[in-house]
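Engineer: Next up, entry21.pdb (PDB, C-alpha atoms).
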ATOM      1  CA  MET A  26      80.943  76.915 140.365  1.00  0.00           C
ATOM      2  CA  SER A  27      82.679  73.994 138.738  1.00  0.00           C
ATOM      3  CA  GLY A  28      86.425  73.613 139.030  1.00  0.00           C
ATOM      4  CA  LYS A  29      86.692  72.215 135.526  1.00  0.00           C
ATOM      5  CA  HIS A  30      88.646  74.100 132.911  1.00  0.00           C
ATOM      6  CA  ASN A  31      86.565  75.080 129.887  1.00  0.00           C
ATOM      7  CA  PRO A  32      88.911  75.782 126.947  1.00  0.00           C
ATOM      8  CA  GLU A  33      86.077  77.389 124.976  1.00  0.00           C
ATOM      9  CA  LYS A  34      85.766  80.176 127.558  1.00  0.00           C
ATOM     10  CA  THR A  35      89.491  80.724 128.145  1.00  0.00           C
ATOM     11  CA  ASP A  36      90.673  80.502 124.530  1.00  0.00           C
ATOM     12  CA  PRO A  37      93.064  83.466 124.062  1.00  0.00           C
ATOM     13  CA  ASP A  38      92.915  83.391 120.253  1.00  0.00           C
ATOM     14  CA  HIS A  39      90.500  86.316 120.088  1.00  0.00           C
ATOM     15  CA  LEU A  40      93.029  88.466 121.975  1.00  0.00           C
ATOM     16  CA  ILE A  41      95.880  87.287 119.770  1.00  0.00           C
ATOM     17  CA  TYR A  42      93.935  88.168 116.626  1.00  0.00           C
ATOM     18  CA  ALA A  43      92.992  91.557 118.079  1.00  0.00           C
ATOM     19  CA  GLY A  44      96.674  92.265 118.741  1.00  0.00           C
ATOM     20  CA  LEU A  45      97.678  91.151 115.248  1.00  0.00           C
ATOM     21  CA  LEU A  46      94.971  93.342 113.750  1.00  0.00           C
ATOM     22  CA  GLY A  47      96.129  96.378 115.692  1.00  0.00           C
ATOM     23  CA  PHE A  48      99.761  95.745 114.823  1.00  0.00           C
ATOM     24  CA  ALA A  49      99.030  95.322 111.104  1.00  0.00           C
ATOM     25  CA  ALA A  50      96.850  98.433 110.991  1.00  0.00           C
ATOM     26  CA  ILE A  51      99.465 100.577 112.749  1.00  0.00           C
ATOM     27  CA  ALA A  52     102.207  99.203 110.483  1.00  0.00           C
ATOM     28  CA  VAL A  53     100.220 100.123 107.357  1.00  0.00           C
ATOM     29  CA  ILE A  54      99.503 103.613 108.701  1.00  0.00           C
ATOM     30  CA  GLU A  55     103.166 104.179 109.570  1.00  0.00           C
ATOM     31  CA  LEU A  56     104.513 102.789 106.311  1.00  0.00           C
ATOM     32  CA  VAL A  57     102.208 104.970 104.204  1.00  0.00           C
ATOM     33  CA  ASP A  58     104.322 107.993 105.155  1.00  0.00           C
ATOM     34  CA  THR A  59     107.609 106.313 104.249  1.00  0.00           C
ATOM     35  CA  THR A  60     109.622 108.042 101.561  1.00  0.00           C
ATOM     36  CA  ALA A  61     112.641 105.695 101.444  1.00  0.00           C
ATOM     37  CA  TRP A  62     111.051 102.517 100.116  1.00  0.00           C
ATOM     38  CA  SER A  63     113.125  99.383  99.795  1.00  0.00           C
ATOM     39  CA  ASP A  64     111.960  96.071  98.403  1.00  0.00           C
ATOM     40  CA  GLU A  65     111.696  94.712 101.952  1.00  0.00           C
ATOM     41  CA  LEU A  66     109.569  97.622 103.190  1.00  0.00           C
ATOM     42  CA  TRP A  67     107.290  97.389 100.175  1.00  0.00           C
ATOM     43  CA  LEU A  68     106.852  93.645 100.752  1.00  0.00           C
ATOM     44  CA  GLY A  69     106.143  94.240 104.451  1.00  0.00           C
ATOM     45  CA  PHE A  70     103.558  96.882 103.565  1.00  0.00           C
ATOM     46  CA  VAL A  71     101.799  94.508 101.160  1.00  0.00           C
ATOM     47  CA  PHE A  72     101.820  91.655 103.693  1.00  0.00           C
ATOM     48  CA  PHE A  73     100.410  93.883 106.441  1.00  0.00           C
ATOM     49  CA  ALA A  74      97.712  95.322 104.183  1.00  0.00           C
ATOM     50  CA  LEU A  75      96.632  91.897 102.909  1.00  0.00           C
ATOM     51  CA  SER A  76      96.584  90.435 106.417  1.00  0.00           C
ATOM     52  CA  ILE A  77      94.021  92.860 107.839  1.00  0.00           C
ATOM     53  CA  PRO A  78      90.812  91.345 106.387  1.00  0.00           C
ATOM     54  CA  LEU A  79      92.115  87.823 107.043  1.00  0.00           C
ATOM     55  CA  VAL A  80      92.880  88.572 110.687  1.00  0.00           C
ATOM     56  CA  VAL A  81      89.413  90.094 111.093  1.00  0.00           C
ATOM     57  CA  VAL A  82      87.915  86.774 109.960  1.00  0.00           C
ATOM     58  CA  GLY A  83      90.165  84.927 112.431  1.00  0.00           C
ATOM     59  CA  TRP A  84      89.175  87.270 115.257  1.00  0.00           C
ATOM     60  CA  SER A  85      85.502  86.865 114.432  1.00  0.00           C
ATOM     61  CA  GLU A  86      85.805  83.072 114.421  1.00  0.00           C
ATOM     62  CA  ALA A  87      87.778  82.997 117.684  1.00  0.00           C
ATOM     63  CA  HIS A  88      85.277  85.364 119.317  1.00  0.00           C
ATOM     64  CA  SER A  89      82.372  83.179 118.202  1.00  0.00           C
ATOM     65  CA  ARG A  90      84.151  80.092 119.522  1.00  0.00           C
ATOM     66  CA  ARG A  91      84.718  81.848 122.851  1.00  0.00           C
ATOM     67  CA  GLN A  92      80.992  82.575 123.040  1.00  0.00           C
ATOM     68  CA  GLY A  93      80.359  78.844 122.672  1.00  0.00           C
ATOM     69  CA  LYS A  94      79.076  78.998 119.115  1.00  0.00           C
ATOM     70  CA  ALA A  95      80.089  76.317 116.646  1.00  0.00           C
ATOM     71  CA  ALA A  96      82.157  77.295 113.644  1.00  0.00           C
ATOM     72  CA  ALA A  97      79.835  78.682 111.008  1.00  0.00           C
ATOM     73  CA  LEU A  98      82.193  77.889 108.176  1.00  0.00           C
ATOM     74  CA  GLU A  99      85.043  75.426 108.485  1.00  0.00           C
ATOM     75  CA  TRP A 100      87.450  77.518 106.395  1.00  0.00           C
ATOM     76  CA  ARG A 101      87.342  80.531 108.746  1.00  0.00           C
ATOM     77  CA  PRO A 102      90.014  79.340 111.218  1.00  0.00           C
ATOM     78  CA  MET A 103      92.427  78.687 108.345  1.00  0.00           C
ATOM     79  CA  VAL A 104      91.840  82.188 106.973  1.00  0.00           C
ATOM     80  CA  GLY A 105      92.695  83.649 110.371  1.00  0.00           C
ATOM     81  CA  LEU A 106      95.850  81.548 110.546  1.00  0.00           C
ATOM     82  CA  LEU A 107      96.865  82.773 107.086  1.00  0.00           C
ATOM     83  CA  GLY A 108      96.356  86.345 108.307  1.00  0.00           C
ATOM     84  CA  GLY A 109      98.638  85.687 111.272  1.00  0.00           C
ATOM     85  CA  VAL A 110     101.268  84.233 108.961  1.00  0.00           C
ATOM     86  CA  LEU A 111     101.059  87.338 106.743  1.00  0.00           C
ATOM     87  CA  VAL A 112     101.505  89.660 109.748  1.00  0.00           C
ATOM     88  CA  THR A 113     104.563  87.660 110.774  1.00  0.00           C
ATOM     89  CA  ALA A 114     105.915  87.740 107.206  1.00  0.00           C
ATOM     90  CA  GLY A 115     105.383  91.508 107.117  1.00  0.00           C
ATOM     91  CA  PHE A 116     107.311  91.907 110.357  1.00  0.00           C
ATOM     92  CA  VAL A 117     110.132  89.722 109.021  1.00  0.00           C
ATOM     93  CA  ALA A 118     110.257  91.848 105.848  1.00  0.00           C
ATOM     94  CA  VAL A 119     110.535  95.055 107.882  1.00  0.00           C
ATOM     95  CA  LEU A 120     113.261  93.493 110.035  1.00  0.00           C
ATOM     96  CA  ALA A 121     115.061  92.401 106.844  1.00  0.00           C
ATOM     97  CA  HIS A 122     115.046  96.046 105.772  1.00  0.00           C
ATOM     98  CA  LEU A 123     116.973  96.832 108.940  1.00  0.00           C
ATOM     99  CA  SER A 124     119.180  93.719 109.116  1.00  0.00           C
ATOM    100  CA  SER A 125     118.945  90.357 107.395  1.00  0.00           C
ATOM    101  CA  ARG A 126     120.566  88.689 110.408  1.00  0.00           C
ATOM    102  CA  LEU A 127     117.932  90.161 112.695  1.00  0.00           C
ATOM    103  CA  ALA A 128     115.156  88.907 110.401  1.00  0.00           C
ATOM    104  CA  ILE A 129     116.642  85.402 110.283  1.00  0.00           C
ATOM    105  CA  ALA A 130     117.063  85.335 114.065  1.00  0.00           C
ATOM    106  CA  PHE A 131     113.465  86.475 114.602  1.00  0.00           C
ATOM    107  CA  LEU A 132     112.103  83.945 112.133  1.00  0.00           C
ATOM    108  CA  SER A 133     114.164  81.132 113.651  1.00  0.00           C
ATOM    109  CA  MET A 134     113.105  81.951 117.201  1.00  0.00           C
ATOM    110  CA  SER A 135     109.466  82.280 116.138  1.00  0.00           C
ATOM    111  CA  ALA A 136     109.497  78.884 114.422  1.00  0.00           C
ATOM    112  CA  ILE A 137     111.161  77.168 117.382  1.00  0.00           C
ATOM    113  CA  LEU A 138     108.739  78.700 119.876  1.00  0.00           C
ATOM    114  CA  PHE A 139     105.743  77.925 117.670  1.00  0.00           C
ATOM    115  CA  PHE A 140     106.625  74.246 117.509  1.00  0.00           C
ATOM    116  CA  LEU A 141     107.510  74.052 121.209  1.00  0.00           C
ATOM    117  CA  ASN A 142     104.206  75.663 122.065  1.00  0.00           C
ATOM    118  CA  ARG A 143     102.281  73.159 119.928  1.00  0.00           C
ATOM    119  CA  ARG A 144     103.939  70.174 121.616  1.00  0.00           C
ATOM    120  CA  ARG A 145     101.904  68.827 124.468  1.00  0.00           C
TER     121      ARG A 145
END
Output the file's structure in the form of C-alpha coordinates.

Structural biologist:
Amino acid sequence: MSGKHNPEKTDPDHLIYAGLLGFAAIAVIELVDTTAWSDELWLGFVFFALSIPLVVVGWSEAHSRRQGKAAALEWRPMVGLLGGVLVTAGFVAVLAHLSSRLAIAFLSMSAILFFLNRRR
(Lines of atoms letter the chains of each structure in order from A and count residues from 1; the text may use other names and numbers.)
(Lines give C-alpha, C1' and ligand atoms only; values in the text may rest on other atoms or scores of the structure.)
Protein backbone atom coordinates (compact mmCIF):
# COMPACT_ATOMS: atom_id res chain seq x y z
CA MET A 1 0.00 0.00 0.00
CA SER A 2 1.39 3.36 -0.99
CA GLY A 3 1.59 6.15 1.55
CA LYS A 4 0.79 8.77 -1.05
CA HIS A 5 -2.37 10.80 -0.73
CA ASN A 6 -4.71 10.43 -3.71
CA PRO A 7 -7.09 13.42 -3.78
CA GLU A 8 -9.31 11.68 -6.34
CA LYS A 9 -10.16 8.94 -3.84
CA THR A 10 -10.57 11.17 -0.77
CA ASP A 11 -12.48 14.03 -2.40
CA PRO A 12 -15.37 14.82 -0.01
CA ASP A 13 -17.41 16.73 -2.59
CA HIS A 14 -19.75 13.81 -3.21
CA LEU A 15 -20.67 13.80 0.49
CA ILE A 16 -21.12 17.56 0.53
CA TYR A 17 -23.45 17.40 -2.47
CA ALA A 18 -25.39 14.52 -0.89
CA GLY A 19 -25.88 16.62 2.25
CA LEU A 20 -26.97 19.66 0.25
CA LEU A 21 -29.41 17.52 -1.70
CA GLY A 22 -30.94 16.09 1.46
CA PHE A 23 -31.16 19.51 3.08
CA ALA A 24 -32.82 21.09 0.03
CA ALA A 25 -35.30 18.24 -0.33
CA ILE A 26 -36.29 18.36 3.35
CA ALA A 27 -36.61 22.16 3.20
CA VAL A 28 -38.97 21.94 0.20
CA ILE A 29 -41.06 19.25 1.89
CA GLU A 30 -41.31 21.27 5.11
CA LEU A 31 -42.07 24.56 3.38
CA VAL A 32 -44.88 23.05 1.30
CA ASP A 33 -47.01 22.86 4.45
CA THR A 34 -46.36 26.47 5.43
CA THR A 35 -49.43 28.66 5.68
CA ALA A 36 -47.78 31.94 6.74
CA TRP A 37 -45.76 32.78 3.63
CA SER A 38 -43.50 35.79 3.64
CA ASP A 39 -41.44 37.04 0.72
CA GLU A 40 -38.33 35.55 2.33
CA LEU A 41 -39.89 32.11 2.80
CA TRP A 42 -41.21 32.09 -0.75
CA LEU A 43 -37.75 33.03 -2.07
CA GLY A 44 -36.14 30.31 0.07
CA PHE A 45 -38.63 27.76 -1.24
CA VAL A 46 -37.87 28.70 -4.85
CA PHE A 47 -34.10 28.58 -4.26
CA PHE A 48 -34.32 25.16 -2.60
CA ALA A 49 -36.57 23.75 -5.31
CA LEU A 50 -34.36 25.04 -8.14
CA SER A 51 -31.19 23.77 -6.45
CA ILE A 52 -32.23 20.11 -6.33
CA PRO A 53 -31.54 19.13 -9.97
CA LEU A 54 -28.36 21.22 -10.00
CA VAL A 55 -27.01 19.56 -6.85
CA VAL A 56 -27.79 16.14 -8.33
CA VAL A 57 -25.56 17.01 -11.30
CA GLY A 58 -22.82 18.15 -8.90
CA TRP A 59 -23.12 14.96 -6.86
CA SER A 60 -22.97 12.83 -9.99
CA GLU A 61 -19.86 14.65 -11.21
CA ALA A 62 -18.13 14.43 -7.82
CA HIS A 63 -19.00 10.73 -7.55
CA SER A 64 -17.60 10.07 -11.02
CA ARG A 65 -14.44 11.99 -10.13
CA ARG A 66 -14.09 9.93 -6.95
CA GLN A 67 -14.31 6.76 -9.04
CA GLY A 68 -11.38 8.04 -11.09
CA LYS A 69 -13.39 8.89 -14.18
CA ALA A 70 -12.61 12.05 -16.11
CA ALA A 71 -15.24 14.76 -16.30
CA ALA A 72 -17.68 13.84 -19.03
CA LEU A 73 -18.77 17.40 -19.59
CA GLU A 74 -16.76 20.38 -18.41
CA TRP A 75 -19.83 22.39 -17.37
CA ARG A 76 -21.02 19.82 -14.80
CA PRO A 77 -18.86 21.01 -11.87
CA MET A 78 -20.09 24.58 -12.36
CA VAL A 79 -23.70 23.40 -12.33
CA GLY A 80 -23.09 21.64 -9.02
CA LEU A 81 -21.49 24.77 -7.59
CA LEU A 82 -24.50 26.83 -8.69
CA GLY A 83 -26.74 24.32 -6.91
CA GLY A 84 -24.72 24.73 -3.72
CA VAL A 85 -24.99 28.50 -4.00
CA LEU A 86 -28.78 28.22 -4.42
CA VAL A 87 -29.06 26.00 -1.31
CA THR A 88 -27.06 28.57 0.64
CA ALA A 89 -29.21 31.41 -0.73
CA GLY A 90 -32.34 29.49 0.26
CA PHE A 91 -31.01 29.06 3.79
CA VAL A 92 -30.15 32.76 3.99
CA ALA A 93 -33.68 33.63 2.82
CA VAL A 94 -35.23 31.44 5.51
CA LEU A 95 -32.94 32.98 8.14
CA ALA A 96 -33.94 36.45 6.87
CA HIS A 97 -37.56 35.48 7.53
CA LEU A 98 -36.59 34.92 11.15
CA SER A 99 -34.07 37.76 11.57
CA SER A 100 -32.23 39.89 9.05
CA ARG A 101 -29.29 40.21 11.45
CA LEU A 102 -29.05 36.44 11.72
CA ALA A 103 -29.08 36.11 7.92
CA ILE A 104 -26.35 38.74 7.53
CA ALA A 105 -24.23 37.09 10.22
CA PHE A 106 -24.61 33.67 8.60
CA LEU A 107 -23.78 35.00 5.15
CA SER A 108 -20.76 36.91 6.45
CA MET A 109 -19.39 33.92 8.35
CA SER A 110 -19.99 31.64 5.36
CA ALA A 111 -18.13 33.98 3.00
CA ILE A 112 -15.18 34.38 5.38
CA LEU A 113 -14.89 30.63 5.95
CA PHE A 114 -15.25 29.89 2.24
CA PHE A 115 -12.36 32.16 1.35
CA LEU A 116 -10.21 30.96 4.26
CA ASN A 117 -10.83 27.39 3.21
CA ARG A 118 -9.80 28.12 -0.39
CA ARG A 119 -6.51 29.71 0.69
CA ARG A 120 -3.66 27.27 0.67

Engineer: Which residues are close to region 39-54 of chain A, i.e. within 8 Å by all atoms listed in the file, leaving aside same-chain residues fewer than 4 positions away? Reply as a list of chain:residue names.

Structural biologist: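 Contacts, in chain order: A:Asp58, A:Phe70, A:Phe73, A:Ala74, A:Ser76, A:Ile77, A:Val80, A:Val81, A:Gly83, A:Trp84, A:Ser85, A:Ala87, A:His88, A:Arg91, A:Gly105, A:Gly109, A:Val112.
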
Engineer: Nearest to Glu65 (chain A): which of A:Leu79, A:Leu123, A:Glu86, A:Thr113 is it, counting all atoms listed in the file?

Structural biologist: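 Nearest candidate to Glu65 (chain A) out of A:Leu79, A:Leu123, A:Glu86, A:Thr113: A:Leu123.
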
Engineer: Can you tell me how far CA of Ala114 (chain A) sits from CA of Gly69 (chain A), in Å to one decimal?

Structural biologist: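 For CA of Ala114 (chain A) relative to CA of Gly69 (chain A), the distance reads 7.1 Å.
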
Engineer: I need the residue set behind the PyMOL selection byres ((chain A and resi 66) around 8) for this file; please write it as a list in words.

Structural biologist: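 Selected by the PyMOL selection byres ((chain A and resi 66) around 8) here: Leu56, Trp62, Ser63, Asp64, Glu65, Trp67, Leu68, Gly69, Phe70, Ala118, Val119 and His122 of chain A.
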
Engineer: Could the residues in this selection be saved with C-alpha atoms as an mmCIF file, keeping the file's coordinate frame?

Structural biologist:
data_model
loop_
_atom_site.group_PDB
_atom_site.id
_atom_site.type_symbol
_atom_site.label_atom_id
_atom_site.label_comp_id
_atom_site.auth_asym_id
_atom_site.auth_seq_id
_atom_site.Cartn_x
_atom_site.Cartn_y
_atom_site.Cartn_z
ATOM 1 C CA LEU A 56 104.513 102.789 106.311
ATOM 2 C CA TRP A 62 111.051 102.517 100.116
ATOM 3 C CA SER A 63 113.125 99.383 99.795
ATOM 4 C CA ASP A 64 111.960 96.071 98.403
ATOM 5 C CA GLU A 65 111.696 94.712 101.952
ATOM 6 C CA TRP A 67 107.290 97.389 100.175
ATOM 7 C CA LEU A 68 106.852 93.645 100.752
ATOM 8 C CA GLY A 69 106.143 94.240 104.451
ATOM 9 C CA PHE A 70 103.558 96.882 103.565
ATOM 10 C CA ALA A 118 110.257 91.848 105.848
ATOM 11 C CA VAL A 119 110.535 95.055 107.882
ATOM 12 C CA HIS A 122 115.046 96.046 105.772
#

Engineer: In Å, rounded to a single decimal, give me how far CA of Leu127 (chain A) is from CA of Thr59 (chain A).

Structural biologist: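 CA of Thr59 (chain A) sits 20.9 Å away from CA of Leu127 (chain A).
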
Engineer: Could you state the separation of CA of Val82 (chain A) and CA of Arg143 (chain A) in Å, given to one decimal place?

Structural biologist: 22.2 Å

Engineer: From the list A:Leu141, A:Ile129, A:Met134, A:Leu75, which residue is nearest Leu111 (chain A) when using only C-alpha atoms?

Structural biologist: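 Selected residue with least distance to Leu111 (chain A): A:Leu75.
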